[in-house]
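To start, the structure itself, in structure tokens.
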Amino acid sequence: MNFRIEMTDGRVLIGVFLCTDRDANVILGACSEYLKSSEGETEEPRVLGLVMVPGRHIVSIQIDDTTPPQKYYYDE
Amino acid sequence: MGDNDDYYDGDGTMESMTVSPEVTYNWVDITTDFFKHIQDLQLGELLHDGHLFGLFEAMSAIEMMDPKMDAGMLCNRGNPKPLNFQQAVAAGKLKIDDLDPSELIGIIDATMACIVSWLEGHSLAQTVFTNLYLHQPHSIINKTLKAYCIAVYKLLDCIRDCINKAQVFEEEDFQPMGYGYRLGSNPQTGSTYEAALEVTEQKCVAMLREQEEELNKKTRSVEDDSSNLWSALAARIRFTRMFYQALLLITKRDSTSGADCVALLNGCSEMIKVIIKTSGKGTQPVENSDSPNPMGFEPMINQRLLPPTFPRYTRIKPRAEALQYFDELVTRLRHAWKITSCANFHTALDFFMEFSRQRACILSRSALQLLYLSPSPATTASMAQSAMNGPVGQPRPHHAFVEILRDSVKSFVNPPALTPKSPMVSTPQAREFVENFLARCVRPFAVLLQVCGHNRARQRDKLALLLDEFAALQEEAESVDAVLSGAAGTEPRACFGTWILYHVLRVMIAYLLSGLELELYSVHEYHYIFWYLYEFLYGWLVSALGRAETLALVGTKRQDAKRASGRKQKKRTRPYAREGLMCQVMQNMCGGYFKALVAFKLQGKIRQPQSEFDNEAVRYKHRFAPLSVLTPPQVHYHEFCEMTQPLQYQNPLILYLGGCNHFQQARSLLDTITTSDPEVSELLKVAKTNYVVLKLLAGGHKRDSNVPPEFDFSVHRHFPIIKLV
């Protein structure tokens, strides 16, 4: 499942969701970093690989809904 | 920590996900839900996919927003985004024409500081390529700056080529990554490559030369103070040209270039003196700024090119220090050049070891490798290796190095097998044996030279590995000696064996001593290290040298007898007298330390590890492990115990006196050396001081004190001064 996380400093991370805990520390695999661009120009992402995003630095979380909807674990 | 594998059963979803970059996303915000539902997790409980991800993987994740791990953070620290070349030009922050000479001097000096920072192991992207001018040198209108920037490209490429060929660097020495900058080929214009702008070596040199003349003209045409500025600038361009040309000659070495290279390096030395003197004339970096020059440098410009490892913060070397570095670098290169006049392998090897002792920089260490063997010892070694692994019966490729080794054996032991017209080489079998053996020697000896080029800390492990290869050579040398004396019907003469043994012993000694230099041994271990050196290695080395002299003498006599009988018997020379003497000096020094250490131990002056946490036999075995595969056989721990047993009952004062005599002996041997040599004077100082200290101890000084003595390695890296506190 692809996650798109915006961090407090404005950078956006897109990667495969791997793990989280109750403090919302999220681990993403095969992650790329995008700089938020004001003029709408898309810049080359920087490949980061495996990253841990501390919950306190997360501004927003989005998931990719292009794949057929699946039952999410948190819908339980 | 509770893992939560069965919390959900969506395992299949993860594996089916394959994301290609072209995918269009349909993002759905889940922030509120996400933060709400994670509250259901216990403290420390993890929600994860058990198949793809476990705690093990979690360990290698980099933590975002941690300044120590997150290189990308620095880009966003509120600073405006760094401007690239075009943006900076458009914004009027980067002049590409009408630059003052002081601005040019500032840019050039800052670039030199960046090059030095690169050579000290930082990445190219964070050093030299923070210079925006280098991003698009062809767009620069000012001709001097353009020529300089293009030359820097070529120079960087040449440096990298030299270092890559020599293969004597590790990650702490040098970063060869180019980060997509086309070094050496065509400096970029924007992001496109244009073959038409390709600059050859000759053209680059010609461009610089042209600028030199222009600047010299300007110097002469103006009368006021600014003529000094122009001549300072000319010196910088001239230095760049000569340095580049000299490095080209070193890297693409051919035998005709000798005199040129020396002249160029001498010219570099002169110019760098001028550069240092005029370094104040350029624009200076703003205080407390990370940028090495007010204009043209953008420390953050390449931040996004960096790999996702923790950010290595790069502080560019201060200009004064960087210019000093260049000055010393040129001096080291001039010194390295002297290797070309080392006639035989022994003197060359001594030169390599001596050069390494001075802890030279990566570029001069690499240059030395290339200057001695073309293309380099590393290449020679790998070529020899692949030839050995090739199909049997194929003709061996000819190495120039084989001839060097052949000459080395010949001058060291003068075996009949290498004497022209000797009856022994007339049998094809014997000749084949000798040739095979020499071919096998190529790799280990080339690697030995390569190891000498590595930094001091890395040499130790590499020497240990090399000892394995030498062990195989020793066996082969013995069988060659046996076959040769069998063929000639003479009594066995261990010619090749002696030659190999000599080198093996030197490597063994270097291995043990490096542990002292790298401070790997504890003080309570010193006694058996010094014991081994004193009792065996140096003694064996002295006798190997003696044997070599005898063998060589026999060889010479044999030849003389064959030649015209009327010739006078040559006066017996002892080519290794000096080396043998130094061995005896070292042996005595080691003996002195050993006896002093045993006495310290008996008097309880040396802190011993708690016996339940320590086993001396294990330590001993570990320390001498690399020596175990070779002849002469390793002396084992139980032998050590047996041999040193009687000393345990000695009076410590007698032992101090014994040690004192050893230092006295070393001292008087050193006094016979009249030629000045820093090594000799250092050893002399150590021997004299230790002699006095042990004399005092032998007289009962501080006999009841338990304060441990100090070992001070500041005068000599291997042989410490003993200090009583």
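How things are named: the first chain in the structure tokens is A, the next is B, and so on; residues count from 1 in each chain; ligands count from 1 in the order shown.
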
What lies within 10 Å of Ala348 in chain B using only C-alpha atoms, ignoring chain neighbours under 4 positions off, as a ChimeraX atom specification? /B:338-344,352-354,372,449

Selection to disk with N, CA and C atoms, as a compact mmCIF listing (two decimals), in the first residue's frame:
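To be explicit, this is the file written out as selection07.txt:
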# COMPACT_ATOMS: atom_id res chain seq x y z
N LYS B 338 61.70 10.52 -7.23
CA LYS B 338 63.01 9.90 -7.04
C LYS B 338 62.96 8.38 -7.15
N ILE B 339 61.75 7.81 -7.04
CA ILE B 339 61.64 6.36 -7.17
C ILE B 339 62.12 5.90 -8.53
N THR B 340 62.03 6.80 -9.52
CA THR B 340 62.41 6.39 -10.88
C THR B 340 63.90 6.12 -10.98
N SER B 341 64.68 6.60 -10.01
CA SER B 341 66.10 6.30 -10.09
C SER B 341 66.51 5.18 -9.14
N CYS B 342 65.53 4.52 -8.51
CA CYS B 342 65.86 3.37 -7.67
C CYS B 342 66.17 2.20 -8.58
N ALA B 343 67.42 1.80 -8.60
CA ALA B 343 67.85 0.83 -9.59
C ALA B 343 67.31 -0.56 -9.29
N ASN B 344 67.30 -0.97 -8.03
CA ASN B 344 66.83 -2.33 -7.80
C ASN B 344 65.67 -2.38 -6.81
N PHE B 352 59.55 2.84 -0.80
CA PHE B 352 58.10 2.77 -0.59
C PHE B 352 57.77 2.82 0.90
N MET B 353 58.53 2.04 1.70
CA MET B 353 58.24 1.98 3.14
C MET B 353 58.52 3.31 3.80
N GLU B 354 59.63 3.93 3.38
CA GLU B 354 59.98 5.22 3.95
C GLU B 354 58.93 6.27 3.58
N TYR B 372 56.57 3.96 -10.22
CA TYR B 372 57.48 2.82 -10.14
C TYR B 372 57.15 1.77 -11.19
N LEU B 449 54.07 -3.99 -2.74
CA LEU B 449 54.25 -2.57 -3.07
C LEU B 449 52.93 -1.82 -2.91

Taking only C-alpha atoms into account, produce a table as a Markdown table in which each residue of chain A with an atom at most 9 Å from an atom of chain B appears once, together with its shortest atom pair and the distance in Å to one decimal, ordered by chain and rising number.
| residue | atom | partner | partner_atom | distance |
| --- | --- | --- | --- | --- |
| A:Met1 | CA | B:Met14 | CA | 6.0 |
| A:Asn2 | CA | B:Met17 | CA | 8.3 |
| A:Phe3 | CA | B:Trp27 | CA | 8.6 |
| A:Arg4 | CA | B:Trp27 | CA | 7.8 |
| A:Met7 | CA | B:Met65 | CA | 8.7 |
| A:Thr8 | CA | B:Met65 | CA | 8.9 |
| A:Asp9 | CA | B:Asn76 | CA | 6.7 |
| A:Gly10 | CA | B:Asn76 | CA | 8.0 |
| A:Arg11 | CA | B:Asn76 | CA | 8.1 |
| A:Val16 | CA | B:Met14 | CA | 8.2 |
| A:Phe17 | CA | B:Met14 | CA | 8.6 |
| A:Leu18 | CA | B:His48 | CA | 5.7 |
| A:Cys19 | CA | B:His48 | CA | 4.3 |
| A:Thr20 | CA | B:Leu47 | CA | 5.3 |
| A:Asp21 | CA | B:Leu46 | CA | 4.8 |
| A:Arg22 | CA | B:Ile38 | CA | 4.9 |
| A:Asp23 | CA | B:Ile38 | CA | 7.4 |
| A:Ala24 | CA | B:Ile38 | CA | 6.7 |
| A:Ile27 | CA | B:Ala61 | CA | 7.5 |
| A:Leu28 | CA | B:Ala61 | CA | 8.5 |
| A:Gly29 | CA | B:Ala61 | CA | 8.5 |
| A:Glu33 | CA | B:Gly72 | CA | 8.4 |
| A:Leu35 | CA | B:Asn76 | CA | 8.7 |
| A:Pro45 | CA | B:Arg304 | CA | 8.7 |
| A:Arg46 | CA | B:Arg304 | CA | 6.5 |
| A:Val47 | CA | B:Pro308 | CA | 7.1 |
| A:Leu48 | CA | B:Pro308 | CA | 5.0 |
| A:Gly49 | CA | B:Pro308 | CA | 7.5 |
| A:Leu50 | CA | B:Ala61 | CA | 4.8 |
| A:Val51 | CA | B:Ala61 | CA | 4.5 |
| A:Met52 | CA | B:Glu63 | CA | 4.8 |
| A:Val53 | CA | B:Met64 | CA | 5.2 |
| A:Pro54 | CA | B:Met64 | CA | 7.0 |
| A:His57 | CA | B:Met65 | CA | 7.4 |
| A:Val59 | CA | B:Thr31 | CA | 8.1 |
| A:Ser60 | CA | B:Thr31 | CA | 5.2 |
| A:Ile61 | CA | B:Thr31 | CA | 4.7 |
| A:Gln62 | CA | B:Asp29 | CA | 4.2 |
| A:Ile63 | CA | B:Val28 | CA | 5.3 |
| A:Asp64 | CA | B:Trp27 | CA | 4.7 |
| A:Asp65 | CA | B:Asn26 | CA | 5.1 |
| A:Thr66 | CA | B:Asn26 | CA | 5.3 |
| A:Thr67 | CA | B:Met17 | CA | 8.8 |
| A:Gln70 | CA | B:Thr13 | CA | 8.2 |
| A:Lys71 | CA | B:Gly10 | CA | 8.0 |
| A:Tyr72 | CA | B:Gly10 | CA | 7.7 |
| A:Tyr73 | CA | B:Tyr8 | CA | 5.2 |
| A:Tyr74 | CA | B:His37 | CA | 6.5 |
| A:Asp75 | CA | B:His37 | CA | 8.9 |
| A:Glu76 | CA | B:Tyr8 | CA | 8.4 |

According to DSSP computed on the backbone, where in range 304-496 of chain B is there helix (DSSP H, G or I)? Give the residues as a PyMOL selection string. chain B and resi 304-305+319-341+345-357+362-372+377-389+400-413+416-418+423-426+428-453+456-488+495-496

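Non-sequential neighbours of range 519-523 of chain B (distance at most 9 Å, separation of 6 or more positions within a chain, only C-alpha atoms) are Ile529, Leu597, Ile606, Arg607, Gln608, Arg623 and Phe711 of chain B.
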
Export of the given selection (N, CA, C and O atoms) as an mmCIF file, in the first residue's frame:
data_model
loop_
_atom_site.group_PDB
_atom_site.id
_atom_site.type_symbol
_atom_site.label_atom_id
_atom_site.label_comp_id
_atom_site.auth_asym_id
_atom_site.auth_seq_id
_atom_site.Cartn_x
_atom_site.Cartn_y
_atom_site.Cartn_z
ATOM 1 N N ILE B 529 55.506 -9.345 22.736
ATOM 2 C CA ILE B 529 55.738 -8.762 21.399
ATOM 3 C C ILE B 529 57.225 -8.449 21.230
ATOM 4 O O ILE B 529 57.865 -8.863 20.264
ATOM 5 N N LEU B 597 60.374 -4.871 30.821
ATOM 6 C CA LEU B 597 58.965 -5.189 31.041
ATOM 7 C C LEU B 597 58.792 -6.348 32.007
ATOM 8 O O LEU B 597 57.889 -6.331 32.857
ATOM 9 N N ILE B 606 53.077 -3.205 36.543
ATOM 10 C CA ILE B 606 52.219 -3.186 35.355
ATOM 11 C C ILE B 606 50.866 -3.779 35.698
ATOM 12 O O ILE B 606 50.777 -4.873 36.256
ATOM 13 N N ARG B 607 49.848 -3.050 35.375
ATOM 14 C CA ARG B 607 48.490 -3.532 35.687
ATOM 15 C C ARG B 607 48.156 -4.725 34.818
ATOM 16 O O ARG B 607 48.231 -4.669 33.605
ATOM 17 N N GLN B 608 47.785 -5.819 35.483
ATOM 18 C CA GLN B 608 47.418 -7.022 34.754
ATOM 19 C C GLN B 608 45.901 -7.129 34.707
ATOM 20 O O GLN B 608 45.220 -6.732 35.646
ATOM 21 N N ARG B 623 47.683 -12.638 18.693
ATOM 22 C CA ARG B 623 48.655 -11.651 18.231
ATOM 23 C C ARG B 623 49.576 -12.202 17.152
ATOM 24 O O ARG B 623 50.017 -11.482 16.268
ATOM 25 N N PHE B 711 54.733 4.695 28.568
ATOM 26 C CA PHE B 711 55.472 4.435 27.333
ATOM 27 C C PHE B 711 55.110 5.526 26.340
ATOM 28 O O PHE B 711 53.969 5.631 25.911
#

Which residue is closest to His716 in chain B? Choose from B:Arg456, B:His524, B:Arg357, B:Arg315 and count only C-alpha atoms.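 Looking only at the distances to His716 in chain B, the closest residue turns out to be B:Arg357.
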
Applying 8 Å and only C-alpha atoms, which residues near range 139-142 of chain B remain after dropping the ones on its own chain fewer than 3 positions away? List them as a ChimeraX atom specification. /B:96-99,133,136,145-146,189

Exercise: Asn661 in chain B partners within 10 Å, only C-alpha atoms, chain neighbours under 2 positions left out, as a VMD selection string: chain B and resid 588 to 589 591 to 592 655 to 659 663 to 667 691 694 to 695

Work out how far CA of Val693 in chain B is from CA of Phe600 in chain B, in Å to one decimal.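 CA of Val693 in chain B lies 12.5 Å from CA of Phe600 in chain B.
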